[in-house]
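File shown: upload00.pdb. Contents: PDB, C-alpha atoms and all ligand atoms.
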ATOM      1  CA  MET L1100      12.982 -75.272  37.421
ATOM      2  CA  LYS L1101      12.954 -78.061  34.792
ATOM      3  CA  PHE L1102      14.076 -77.309  31.252
ATOM      4  CA  GLU L1103      15.069 -79.350  28.217
ATOM      5  CA  ASN L1104      18.010 -77.164  27.154
ATOM      6  CA  LEU L1105      19.060 -75.531  30.422
ATOM      7  CA  VAL L1106      20.190 -76.525  33.871
ATOM      8  CA  VAL L1107      19.336 -73.963  36.554
ATOM      9  CA  LYS L1108      20.771 -74.245  40.058
ATOM     10  CA  GLN L1109      20.414 -71.920  43.028
ATOM     11  CA  ASN L1110      22.624 -71.657  46.065
ATOM     12  CA  SER L1111      22.853 -68.943  48.742
ATOM     13  CA  GLY L1112      21.417 -66.132  46.621
ATOM     14  CA  ILE L1113      23.284 -67.041  43.429
ATOM     15  CA  ALA L1114      21.515 -68.683  40.480
ATOM     16  CA  MET L1115      23.567 -70.407  37.791
ATOM     17  CA  ILE L1116      22.021 -70.997  34.368
ATOM     18  CA  THR L1117      23.913 -73.510  32.205
ATOM     19  CA  ILE L1118      22.934 -73.707  28.543
ATOM     20  CA  ASN L1119      22.970 -77.426  27.987
ATOM     21  CA  ARG L1120      23.269 -78.447  24.321
ATOM     22  CA  PRO L1121      26.959 -79.438  24.317
ATOM     23  CA  ALA L1122      26.628 -81.642  21.196
ATOM     24  CA  LYS L1123      25.682 -78.460  19.272
ATOM     25  CA  LEU L1124      28.174 -76.293  21.188
ATOM     26  CA  ASN L1125      25.188 -74.814  23.065
ATOM     27  CA  ALA L1126      23.886 -73.074  19.918
ATOM     28  CA  LEU L1127      20.811 -70.964  20.606
ATOM     29  CA  ASN L1128      17.800 -72.536  18.932
ATOM     30  CA  LYS L1129      14.287 -71.140  19.311
ATOM     31  CA  ALA L1130      13.415 -73.517  22.174
ATOM     32  CA  THR L1131      16.522 -72.508  24.150
ATOM     33  CA  ILE L1132      15.769 -68.800  23.714
ATOM     34  CA  GLU L1133      12.218 -69.451  24.941
ATOM     35  CA  GLU L1134      13.513 -71.358  27.975
ATOM     36  CA  LEU L1135      16.076 -68.654  28.751
ATOM     37  CA  ASN L1136      13.281 -66.076  28.685
ATOM     38  CA  GLN L1137      11.309 -68.173  31.193
ATOM     39  CA  ALA L1138      14.343 -68.794  33.405
ATOM     40  CA  PHE L1139      15.416 -65.139  33.564
ATOM     41  CA  THR L1140      11.850 -63.964  34.204
ATOM     42  CA  LYS L1141      11.397 -66.479  37.056
ATOM     43  CA  LEU L1142      14.780 -65.733  38.625
ATOM     44  CA  GLU L1143      14.133 -61.990  38.452
ATOM     45  CA  ASP L1144      10.917 -62.509  40.436
ATOM     46  CA  ASP L1145      12.475 -64.931  42.938
ATOM     47  CA  SER L1146      13.262 -63.007  46.133
ATOM     48  CA  GLU L1147      15.868 -65.635  47.118
ATOM     49  CA  VAL L1148      18.004 -64.801  44.055
ATOM     50  CA  ARG L1149      20.372 -61.819  44.163
ATOM     51  CA  VAL L1150      22.822 -62.480  41.267
ATOM     52  CA  ILE L1151      22.542 -64.647  38.142
ATOM     53  CA  LEU L1152      25.486 -66.350  36.405
ATOM     54  CA  ILE L1153      25.209 -67.833  32.928
ATOM     55  CA  THR L1154      27.570 -70.287  31.249
ATOM     56  CA  GLY L1155      27.658 -73.101  28.691
ATOM     57  CA  ALA L1156      27.787 -76.856  29.320
ATOM     58  CA  GLY L1157      31.052 -78.672  28.604
ATOM     59  CA  ASP L1158      34.518 -77.225  28.296
ATOM     60  CA  LYS L1159      34.392 -76.252  24.629
ATOM     61  CA  ALA L1160      31.746 -73.576  24.243
ATOM     62  CA  PHE L1161      29.851 -70.872  26.025
ATOM     63  CA  VAL L1162      27.501 -70.606  23.021
ATOM     64  CA  ALA L1163      28.676 -71.071  19.399
ATOM     65  CA  GLY L1164      25.965 -68.802  18.040
ATOM     66  CA  ALA L1165      22.380 -68.858  16.916
ATOM     67  CA  ASP L1166      21.410 -72.290  15.597
ATOM     68  CA  ILE L1167      22.318 -71.985  11.911
ATOM     69  CA  SER L1168      20.260 -75.077  10.971
ATOM     70  CA  GLU L1169      17.065 -73.316  12.075
ATOM     71  CA  PHE L1170      17.359 -70.226   9.895
ATOM     72  CA  ALA L1171      19.281 -71.432   6.826
ATOM     73  CA  SER L1172      16.108 -71.414   4.655
ATOM     74  CA  PHE L1173      14.571 -68.167   6.001
ATOM     75  CA  ASN L1174      13.514 -65.274   3.755
ATOM     76  CA  ALA L1175      14.024 -61.563   4.571
ATOM     77  CA  LYS L1176      10.763 -61.238   6.534
ATOM     78  CA  GLU L1177      11.465 -64.365   8.593
ATOM     79  CA  GLY L1178      15.025 -63.161   9.231
ATOM     80  CA  ALA L1179      13.817 -59.801  10.550
ATOM     81  CA  GLU L1180      11.238 -61.569  12.741
ATOM     82  CA  LEU L1181      13.937 -63.922  14.128
ATOM     83  CA  ALA L1182      16.083 -60.937  15.165
ATOM     84  CA  ALA L1183      13.155 -58.961  16.607
ATOM     85  CA  GLN L1184      11.804 -61.884  18.646
ATOM     86  CA  GLY L1185      15.253 -62.913  19.899
ATOM     87  CA  GLN L1186      16.186 -59.373  20.917
ATOM     88  CA  LYS L1187      12.910 -58.924  22.784
ATOM     89  CA  LYS L1188      12.745 -62.345  24.454
ATOM     90  CA  LEU L1189      16.352 -62.765  25.457
ATOM     91  CA  PHE L1190      18.939 -60.077  24.766
ATOM     92  CA  ASP L1191      16.971 -56.997  25.879
ATOM     93  CA  THR L1192      15.469 -58.992  28.753
ATOM     94  CA  VAL L1193      18.939 -59.843  30.084
ATOM     95  CA  GLU L1194      20.341 -56.327  29.616
ATOM     96  CA  ASN L1195      17.391 -54.753  31.424
ATOM     97  CA  LEU L1196      17.078 -57.354  34.178
ATOM     98  CA  LYS L1197      16.830 -55.800  37.652
ATOM     99  CA  LYS L1198      19.362 -58.275  39.030
ATOM    100  CA  PRO L1199      23.027 -58.452  38.011
ATOM    101  CA  VAL L1200      23.784 -61.017  35.313
ATOM    102  CA  ILE L1201      27.407 -62.170  34.857
ATOM    103  CA  ALA L1202      28.518 -64.190  31.821
ATOM    104  CA  ALA L1203      31.044 -66.910  32.655
ATOM    105  CA  VAL L1204      32.540 -67.353  29.185
ATOM    106  CA  ASN L1205      34.012 -70.852  29.242
ATOM    107  CA  GLY L1206      34.851 -71.438  25.552
ATOM    108  CA  PHE L1207      33.638 -70.300  22.111
ATOM    109  CA  ALA L1208      31.345 -67.272  22.372
ATOM    110  CA  LEU L1209      30.478 -66.643  18.754
ATOM    111  CA  GLY L1210      27.682 -64.767  17.029
ATOM    112  CA  GLY L1211      24.582 -64.982  19.218
ATOM    113  CA  GLY L1212      26.806 -66.433  21.965
ATOM    114  CA  LEU L1213      28.956 -63.314  22.153
ATOM    115  CA  GLU L1214      25.798 -61.219  21.764
ATOM    116  CA  LEU L1215      24.350 -63.009  24.805
ATOM    117  CA  ALA L1216      27.553 -62.452  26.795
ATOM    118  CA  MET L1217      27.488 -58.769  25.777
ATOM    119  CA  ALA L1218      23.859 -58.397  26.885
ATOM    120  CA  CYS L1219      24.945 -59.565  30.368
ATOM    121  CA  HIS L1220      26.010 -56.817  32.758
ATOM    122  CA  PHE L1221      29.635 -57.930  32.602
ATOM    123  CA  ARG L1222      31.796 -60.847  31.525
ATOM    124  CA  VAL L1223      34.500 -63.083  32.999
ATOM    125  CA  ALA L1224      36.351 -65.421  30.625
ATOM    126  CA  SER L1225      38.389 -68.559  30.933
ATOM    127  CA  PHE L1226      41.716 -68.088  29.115
ATOM    128  CA  THR L1227      40.616 -70.824  26.660
ATOM    129  CA  ALA L1228      37.633 -68.732  25.505
ATOM    130  CA  LYS L1229      37.442 -67.396  21.971
ATOM    131  CA  MET L1230      35.111 -64.593  21.019
ATOM    132  CA  GLY L1231      33.874 -63.245  17.727
ATOM    133  CA  LEU L1232      30.977 -62.149  15.547
ATOM    134  CA  PRO L1233      31.482 -64.325  12.435
ATOM    135  CA  GLU L1234      28.106 -63.520  10.831
ATOM    136  CA  THR L1235      29.559 -61.763   7.753
ATOM    137  CA  SER L1236      31.243 -65.086   6.878
ATOM    138  CA  LEU L1237      27.709 -66.532   6.588
ATOM    139  CA  GLY L1238      26.378 -63.646   4.495
ATOM    140  CA  LEU L1239      24.717 -62.075   7.533
ATOM    141  CA  ILE L1240      25.257 -59.320  10.049
ATOM    142  CA  PRO L1241      24.839 -59.785  13.819
ATOM    143  CA  GLY L1242      21.098 -59.597  14.524
ATOM    144  CA  TYR L1243      20.847 -59.968  18.288
ATOM    145  CA  GLY L1244      22.210 -56.506  19.130
ATOM    146  CA  GLY L1245      25.855 -57.271  18.296
ATOM    147  CA  THR L1246      26.468 -54.274  16.010
ATOM    148  CA  GLN L1247      25.356 -51.976  18.842
ATOM    149  CA  ARG L1248      26.649 -53.619  22.024
ATOM    150  CA  LEU L1249      30.075 -54.481  20.570
ATOM    151  CA  ALA L1250      30.594 -50.856  19.497
ATOM    152  CA  HIS L1251      29.491 -49.679  22.962
ATOM    153  CA  LEU L1252      31.926 -52.033  24.674
ATOM    154  CA  VAL L1253      35.036 -51.832  22.504
ATOM    155  CA  GLY L1254      34.493 -48.677  20.398
ATOM    156  CA  LYS L1255      33.385 -48.183  16.818
ATOM    157  CA  GLY L1256      36.670 -48.903  15.026
ATOM    158  CA  LYS L1257      37.333 -52.189  16.812
ATOM    159  CA  ALA L1258      33.697 -53.284  16.323
ATOM    160  CA  MET L1259      33.987 -52.516  12.612
ATOM    161  CA  GLU L1260      37.181 -54.588  12.382
ATOM    162  CA  MET L1261      35.804 -57.554  14.331
ATOM    163  CA  ILE L1262      32.576 -57.714  12.338
ATOM    164  CA  MET L1263      34.192 -57.103   8.927
ATOM    165  CA  THR L1264      36.959 -59.673   9.443
ATOM    166  CA  ALA L1265      34.630 -62.207  11.167
ATOM    167  CA  GLY L1266      37.710 -63.027  13.236
ATOM    168  CA  MET L1267      38.012 -64.422  16.745
ATOM    169  CA  LEU L1268      39.713 -62.791  19.732
ATOM    170  CA  SER L1269      41.559 -64.766  22.378
ATOM    171  CA  ALA L1270      40.454 -64.149  25.975
ATOM    172  CA  ASP L1271      43.532 -61.987  26.593
ATOM    173  CA  GLU L1272      42.815 -59.892  23.502
ATOM    174  CA  ALA L1273      39.165 -59.559  24.561
ATOM    175  CA  ASN L1274      40.394 -58.406  27.970
ATOM    176  CA  SER L1275      42.712 -55.780  26.501
ATOM    177  CA  TRP L1276      39.857 -54.573  24.249
ATOM    178  CA  GLY L1277      37.552 -54.188  27.281
ATOM    179  CA  LEU L1278      35.171 -56.891  26.133
ATOM    180  CA  VAL L1279      35.685 -59.000  29.266
ATOM    181  CA  ASN L1280      36.579 -57.812  32.765
ATOM    182  CA  HIS L1281      38.754 -60.722  33.920
ATOM    183  CA  VAL L1282      40.537 -63.737  32.420
ATOM    184  CA  VAL L1283      41.102 -66.749  34.661
ATOM    185  CA  GLU L1284      42.104 -70.419  34.574
ATOM    186  CA  PRO L1285      39.226 -72.610  33.321
ATOM    187  CA  ASP L1286      38.860 -74.334  36.708
ATOM    188  CA  GLU L1287      38.677 -70.955  38.470
ATOM    189  CA  LEU L1288      35.935 -69.485  36.290
ATOM    190  CA  THR L1289      32.921 -70.394  38.417
ATOM    191  CA  GLU L1290      34.700 -69.556  41.665
ATOM    192  CA  THR L1291      35.749 -66.133  40.332
ATOM    193  CA  CYS L1292      32.170 -65.372  39.278
ATOM    194  CA  VAL L1293      30.807 -66.575  42.645
ATOM    195  CA  ASN L1294      33.326 -64.343  44.475
ATOM    196  CA  LEU L1295      32.211 -61.346  42.395
ATOM    197  CA  ALA L1296      28.569 -62.235  43.054
ATOM    198  CA  GLN L1297      29.264 -62.398  46.802
ATOM    199  CA  LYS L1298      30.808 -58.912  46.714
ATOM    200  CA  ILE L1299      27.736 -57.622  44.857
ATOM    201  CA  MET L1300      25.409 -59.279  47.389
ATOM    202  CA  LYS L1301      26.864 -57.205  50.220
ATOM    203  CA  ASN L1302      25.321 -54.120  48.595
ATOM    204  CA  SER L1303      21.763 -52.852  48.273
ATOM    205  CA  PRO L1304      19.705 -54.710  45.633
ATOM    206  CA  ARG L1305      17.508 -51.606  45.224
ATOM    207  CA  ALA L1306      20.527 -49.405  44.587
ATOM    208  CA  ILE L1307      22.017 -51.931  42.162
ATOM    209  CA  GLU L1308      18.708 -52.039  40.268
ATOM    210  CA  GLY L1309      18.793 -48.219  39.968
ATOM    211  CA  ALA L1310      22.432 -48.296  38.845
ATOM    212  CA  ILE L1311      21.655 -50.850  36.113
ATOM    213  CA  ARG L1312      18.790 -48.672  34.809
ATOM    214  CA  SER L1313      20.930 -45.515  34.924
ATOM    215  CA  ILE L1314      23.975 -47.022  33.194
ATOM    216  CA  ASN L1315      21.775 -48.642  30.533
ATOM    217  CA  ALA L1316      19.896 -45.375  29.934
ATOM    218  CA  GLY L1317      23.082 -43.687  28.737
ATOM    219  CA  PHE L1318      23.345 -46.225  25.926
ATOM    220  CA  LYS L1319      19.736 -46.007  24.738
ATOM    221  CA  ASP L1320      18.470 -43.717  22.010
ATOM    222  CA  GLY L1321      15.986 -41.186  23.280
ATOM    223  CA  GLU L1322      16.967 -41.651  26.933
ATOM    224  CA  ASP L1323      19.009 -39.232  29.016
ATOM    225  CA  GLY L1324      21.369 -41.140  31.288
ATOM    226  CA  TYR L1325      21.999 -38.129  33.535
ATOM    227  CA  ALA L1326      18.260 -37.493  33.964
ATOM    228  CA  THR L1327      17.696 -41.181  34.730
ATOM    229  CA  GLU L1328      20.497 -41.048  37.288
ATOM    230  CA  ILE L1329      18.886 -38.073  39.045
ATOM    231  CA  LYS L1330      15.514 -39.870  39.158
ATOM    232  CA  GLU L1331      17.030 -43.150  40.386
ATOM    233  CA  PHE L1332      19.260 -41.369  42.922
ATOM    234  CA  GLY L1333      16.200 -39.607  44.354
ATOM    235  CA  ALA L1334      14.207 -42.852  44.447
ATOM    236  CA  CYS L1335      16.924 -44.467  46.607
ATOM    237  CA  PHE L1336      16.064 -42.042  49.430
ATOM    238  CA  GLY L1337      12.614 -43.603  49.716
ATOM    239  CA  THR L1338      13.925 -47.148  50.215
ATOM    240  CA  GLU L1339      14.467 -49.216  53.354
ATOM    241  CA  ASP L1340      17.870 -50.157  51.933
ATOM    242  CA  PHE L1341      18.952 -46.497  52.081
ATOM    243  CA  LYS L1342      17.829 -46.192  55.715
ATOM    244  CA  GLU L1343      19.603 -49.438  56.557
ATOM    245  CA  GLY L1344      22.817 -48.534  54.687
ATOM    246  CA  THR L1345      23.174 -45.084  56.236
ATOM    247  CA  SER L1346      22.182 -46.147  59.758
ATOM    248  CA  ALA L1347      24.575 -49.141  59.616
ATOM    249  CA  PHE L1348      27.389 -46.793  58.571
ATOM    250  CA  LEU L1349      26.631 -44.270  61.319
ATOM    251  CA  ASN L1350      26.341 -47.043  63.931
ATOM    252  CA  LYS L1351      29.539 -48.730  62.730
ATOM    253  CA  ARG L1352      27.842 -52.042  61.920
ATOM    254  CA  LYS L1353      27.430 -54.154  58.783
ATOM    255  CA  ALA L1354      24.345 -53.336  56.704
ATOM    256  CA  GLU L1355      21.715 -56.062  56.204
ATOM    257  CA  PHE L1356      19.976 -55.109  52.991
ATOM    258  CA  LYS L1357      16.528 -56.533  52.250
ATOM    259  CA  GLY L1358      16.123 -55.083  48.766
ATOM    260  CA  LYS L1359      13.131 -53.000  49.828
TER     261      LYS L1359
HETATM  262  N1  LIG J   1      24.482 -73.609  14.874
HETATM  263  C1  LIG J   1      24.166 -74.889  14.756
HETATM  264  N2  LIG J   1      24.998 -75.904  15.015
HETATM  265  C2  LIG J   1      26.237 -75.576  15.438
HETATM  266  C3  LIG J   1      26.637 -74.233  15.610
HETATM  267  C4  LIG J   1      25.703 -73.218  15.307
HETATM  268  N3  LIG J   1      25.982 -71.936  15.449
HETATM  269  N4  LIG J   1      27.928 -74.228  16.018
HETATM  270  C5  LIG J   1      28.299 -75.517  16.122
HETATM  271  N5  LIG J   1      27.290 -76.327  15.769
HETATM  272  C6  LIG J   1      27.262 -77.786  15.741
HETATM  273  C7  LIG J   1      28.003 -78.339  14.516
HETATM  274  O1  LIG J   1      27.157 -78.327  13.385
HETATM  275  C8  LIG J   1      28.329 -79.722  14.998
HETATM  276  O2  LIG J   1      27.164 -80.523  14.934
HETATM  277  P1  LIG J   1      27.252 -82.029  14.298
HETATM  278  O3  LIG J   1      28.227 -82.741  15.179
HETATM  279  O4  LIG J   1      25.840 -82.529  14.422
HETATM  280  O5  LIG J   1      27.728 -81.852  12.905
HETATM  281  C9  LIG J   1      28.638 -79.525  16.482
HETATM  282  O6  LIG J   1      27.996 -78.304  16.837
HETATM  283  C10 LIG J   1      30.112 -79.410  16.778
HETATM  284  O7  LIG J   1      30.646 -78.374  15.983
HETATM  285  P2  LIG J   1      31.897 -78.548  15.032
HETATM  286  O8  LIG J   1      31.834 -77.493  13.965
HETATM  287  O9  LIG J   1      32.025 -79.962  14.566
HETATM  288  O10 LIG J   1      33.087 -78.223  16.040
HETATM  289  P3  LIG J   1      34.541 -77.673  15.690
HETATM  290  O11 LIG J   1      35.352 -77.808  16.930
HETATM  291  O12 LIG J   1      35.068 -78.280  14.442
HETATM  292  O13 LIG J   1      34.333 -76.088  15.379
HETATM  293  C11 LIG J   1      33.389 -73.920  15.769
HETATM  294  C12 LIG J   1      33.889 -75.233  16.398
HETATM  295  C13 LIG J   1      32.770 -73.093  16.887
HETATM  296  C14 LIG J   1      34.589 -73.154  15.167
HETATM  297  C15 LIG J   1      32.359 -74.220  14.667
HETATM  298  O14 LIG J   1      31.375 -75.076  15.204
HETATM  299  C16 LIG J   1      31.661 -73.009  14.115
HETATM  300  O15 LIG J   1      32.237 -72.254  13.330
HETATM  301  N6  LIG J   1      30.363 -72.833  14.478
HETATM  302  C17 LIG J   1      29.536 -71.769  13.952
HETATM  303  C18 LIG J   1      29.922 -70.439  14.527
HETATM  304  C19 LIG J   1      29.093 -69.326  13.920
HETATM  305  O16 LIG J   1      29.197 -69.010  12.752
HETATM  306  N7  LIG J   1      28.239 -68.720  14.748
HETATM  307  C20 LIG J   1      27.412 -67.624  14.340
HETATM  308  C21 LIG J   1      26.078 -68.095  13.950
HETATM  309  S1  LIG J   1      25.050 -66.748  13.420
END

I'd like the structure from this file rewritten - as structure tokens, please.
Ligand code: COA
Amino acid sequence: MKFENLVVKQNSGIAMITINRPAKLNALNKATIEELNQAFTKLEDDSEVRVILITGAGDKAFVAGADISEFASFNAKEGAELAAQGQKKLFDTVENLKKPVIAAVNGFALGGGLELAMACHFRVASFTAKMGLPETSLGLIPGYGGTQRLAHLVGKGKAMEMIMTAGMLSADEANSWGLVNHVVEPDELTETCVNLAQKIMKNSPRAIEGAIRSINAGFKDGEDGYATEIKEFGACFGTEDFKEGTSAFLNKRKAEFKGK
């Protein structure tokens, strides 16, 4: 896959997307959001890909936010459209992807950058990472799902504090707040994410897809997570992966899941 603002590499079932605008600290402009939509859609449909990792180019930033230069002159209608389009094309797409998406947070994850990391299924950070939603310092609020996903991840009070103060958390603070799952040395970030991806790849892709839908359902208005779980649990029984997983267990061998 060839992109102007991304580098996408695939190896042994793992795809790595690197947002590649280091001179602008990988800020998310419209073109990058468009390319990310294309990349995620293609990787979701690619049967060779089992887990997707996303990171930022360089050692300074994951993503330093939405590209401020693109929206500085917007009016209210254009602002609302920017948020709606971005949420649909990128943030909701990532959250609802059938395949696991892990954010490898390698530096500043601010504004839209933290919102992107939070839309991923989970996050691993380098100890040099800094995370925050500084939008109120620009006269804005987070518009790519940050007010919702941050509160889901860290709780309402902490989300209120982070957004009102526009402050940044260190990786260790983010870890203790439950915003990231692991904090590692910068040069161990990719390896840690690959190791997690390899553990995930031992399990049934069909079951993982159902688990993603069920967990997400509990955080969506108008959806019943328990009812979704029952439906997804039942659906597993009709899959080849279920037959393979149970027969491998009973025959004391390793399961070879095909994701069918
Ligand atoms: N949008 C557009 N450009 C951005 C950007 C963003 N969100 N974040 C950084 N950049 C650009 C800078 O304008 C600068 O470009 P230039 O060299 O052409 O002037 C380049 O990236 C490097 O950033 P700089 O500010 O010089 O780096 P720094 O080390 O001094 O500061 C940050 C790093 C992350 C603290 C600072 O860039 C920052 O506060 N960025 C904005 C964060 C933000 O508010 N995000 C939410 C947006 S809604």

Let me have the centre and edge lengths of the axis-aligned box enclosing all listed atoms of stretch 1162-1176 of chain L with 6 Å padding on every side, in Å to one decimal, as JSON.
{"center_x": 19.7, "center_y": -68.2, "center_z": 13.4, "size_x": 29.9, "size_y": 25.8, "size_z": 31.3}

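Of the residues listed (L:Gln1109, L:Thr1117, L:Asn1104, L:Ser1303), L:Thr1117 shows the shortest atom-to-atom separation from L:Ala1160; distances use only C-alpha atoms.
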
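Considering the residues L:Glu1328, L:Glu1143, L:Glu1287, L:Glu1234 and counting all atoms listed in the file, ligand LIG 1 (chain J) has its shortest atom-to-atom contact with L:Glu1234.
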
Query raised in the report: Taking (41.4, -66.6, 28.4) in the file's coordinates, which residues come within 7 Å, counting all atoms listed in the file, written as a ChimeraX atom specification?
Result: /L:1224-1228,1269-1271,1282-1283

Report task. Residues up to 10 Å from ligand LIG 1 (chain J), counting only C-alpha atoms and all ligand atoms: could you list those as JSON, numbers by chain? Result -> {"L": [1120, 1121, 1122, 1123, 1124, 1125, 1126, 1127, 1128, 1159, 1160, 1161, 1162, 1163, 1164, 1165, 1166, 1167, 1168, 1169, 1170, 1171, 1206, 1207, 1208, 1209, 1210, 1211, 1212, 1213, 1214, 1229, 1230, 1231, 1232, 1233, 1234, 1235, 1236, 1237, 1238, 1239, 1240, 1241, 1242, 1243, 1265, 1267]}

Query raised in the report: atom CA of L:Gly1317 and atom CA of L:Cys1219, how far apart in Å?
Result: 16.1 Å

Query - Distance criterion (only C-alpha atoms): nearest to L:Gln1137 out of L:Asn1274, L:Thr1192, L:Thr1327, L:Asn1119 - result: L:Thr1192

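Closest approach to L:Trp1276 among L:Lys1351, L:Lys1301, L:Lys1129, L:Lys1255 is made by L:Lys1255 (distances from all atoms listed in the file).
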
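Relative to atom CA of L:Ile1329, atom CA of L:Lys1342 is found at 18.6 Å.
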
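The shell of residues at most 9 Å from L:Phe1139, with all atoms listed in the file counted and near chain neighbours (fewer than 4 positions) removed, consists of Ile1116, Glu1134, Leu1135, Glu1143, Asp1144, Ile1151, Leu1189, Thr1192, Val1193 and Leu1196 of chain L.
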
Start from the incomplete input, build N, CA, C and O atoms for stretch 1261-1274 of chain L, and deliver everything as a compact mmCIF listing (two decimals), keeping the file's coordinate frame.
# COMPACT_ATOMS: atom_id res chain seq x y z
N MET L 1261 36.20 -56.19 13.94
CA MET L 1261 35.80 -57.55 14.33
C MET L 1261 34.70 -58.10 13.44
O MET L 1261 34.71 -59.26 13.06
N ILE L 1262 33.72 -57.25 13.13
CA ILE L 1262 32.58 -57.71 12.34
C ILE L 1262 32.97 -57.89 10.87
O ILE L 1262 32.60 -58.88 10.24
N MET L 1263 33.79 -56.99 10.34
CA MET L 1263 34.19 -57.10 8.93
C MET L 1263 35.11 -58.30 8.68
O MET L 1263 35.01 -58.96 7.66
N THR L 1264 36.02 -58.56 9.65
CA THR L 1264 36.96 -59.67 9.44
C THR L 1264 36.35 -61.01 9.85
O THR L 1264 36.88 -62.05 9.49
N ALA L 1265 35.25 -60.99 10.63
CA ALA L 1265 34.63 -62.21 11.17
C ALA L 1265 35.64 -63.01 12.00
O ALA L 1265 35.49 -64.22 12.16
N GLY L 1266 36.65 -62.31 12.51
CA GLY L 1266 37.71 -63.03 13.24
C GLY L 1266 37.36 -63.30 14.69
O GLY L 1266 36.35 -62.82 15.21
N MET L 1267 38.22 -64.09 15.32
CA MET L 1267 38.01 -64.42 16.74
C MET L 1267 39.11 -63.77 17.58
O MET L 1267 40.27 -63.75 17.17
N LEU L 1268 38.75 -63.31 18.77
CA LEU L 1268 39.71 -62.79 19.73
C LEU L 1268 40.00 -63.86 20.77
O LEU L 1268 39.09 -64.59 21.19
N SER L 1269 41.25 -63.92 21.21
CA SER L 1269 41.56 -64.77 22.38
C SER L 1269 41.01 -64.05 23.61
O SER L 1269 40.68 -62.85 23.56
N ALA L 1270 40.96 -64.76 24.73
CA ALA L 1270 40.45 -64.15 25.98
C ALA L 1270 41.33 -62.95 26.37
O ALA L 1270 40.81 -61.92 26.80
N ASP L 1271 42.65 -63.10 26.22
CA ASP L 1271 43.53 -61.99 26.59
C ASP L 1271 43.31 -60.77 25.70
O ASP L 1271 43.30 -59.63 26.18
N GLU L 1272 43.11 -61.03 24.40
CA GLU L 1272 42.82 -59.89 23.50
C GLU L 1272 41.48 -59.24 23.89
O GLU L 1272 41.37 -58.02 23.94
N ALA L 1273 40.49 -60.09 24.18
CA ALA L 1273 39.16 -59.56 24.56
C ALA L 1273 39.29 -58.72 25.83
O ALA L 1273 38.63 -57.69 25.98
N ASN L 1274 40.17 -59.15 26.72
CA ASN L 1274 40.39 -58.41 27.97
C ASN L 1274 41.03 -57.05 27.66
O ASN L 1274 40.60 -56.01 28.17
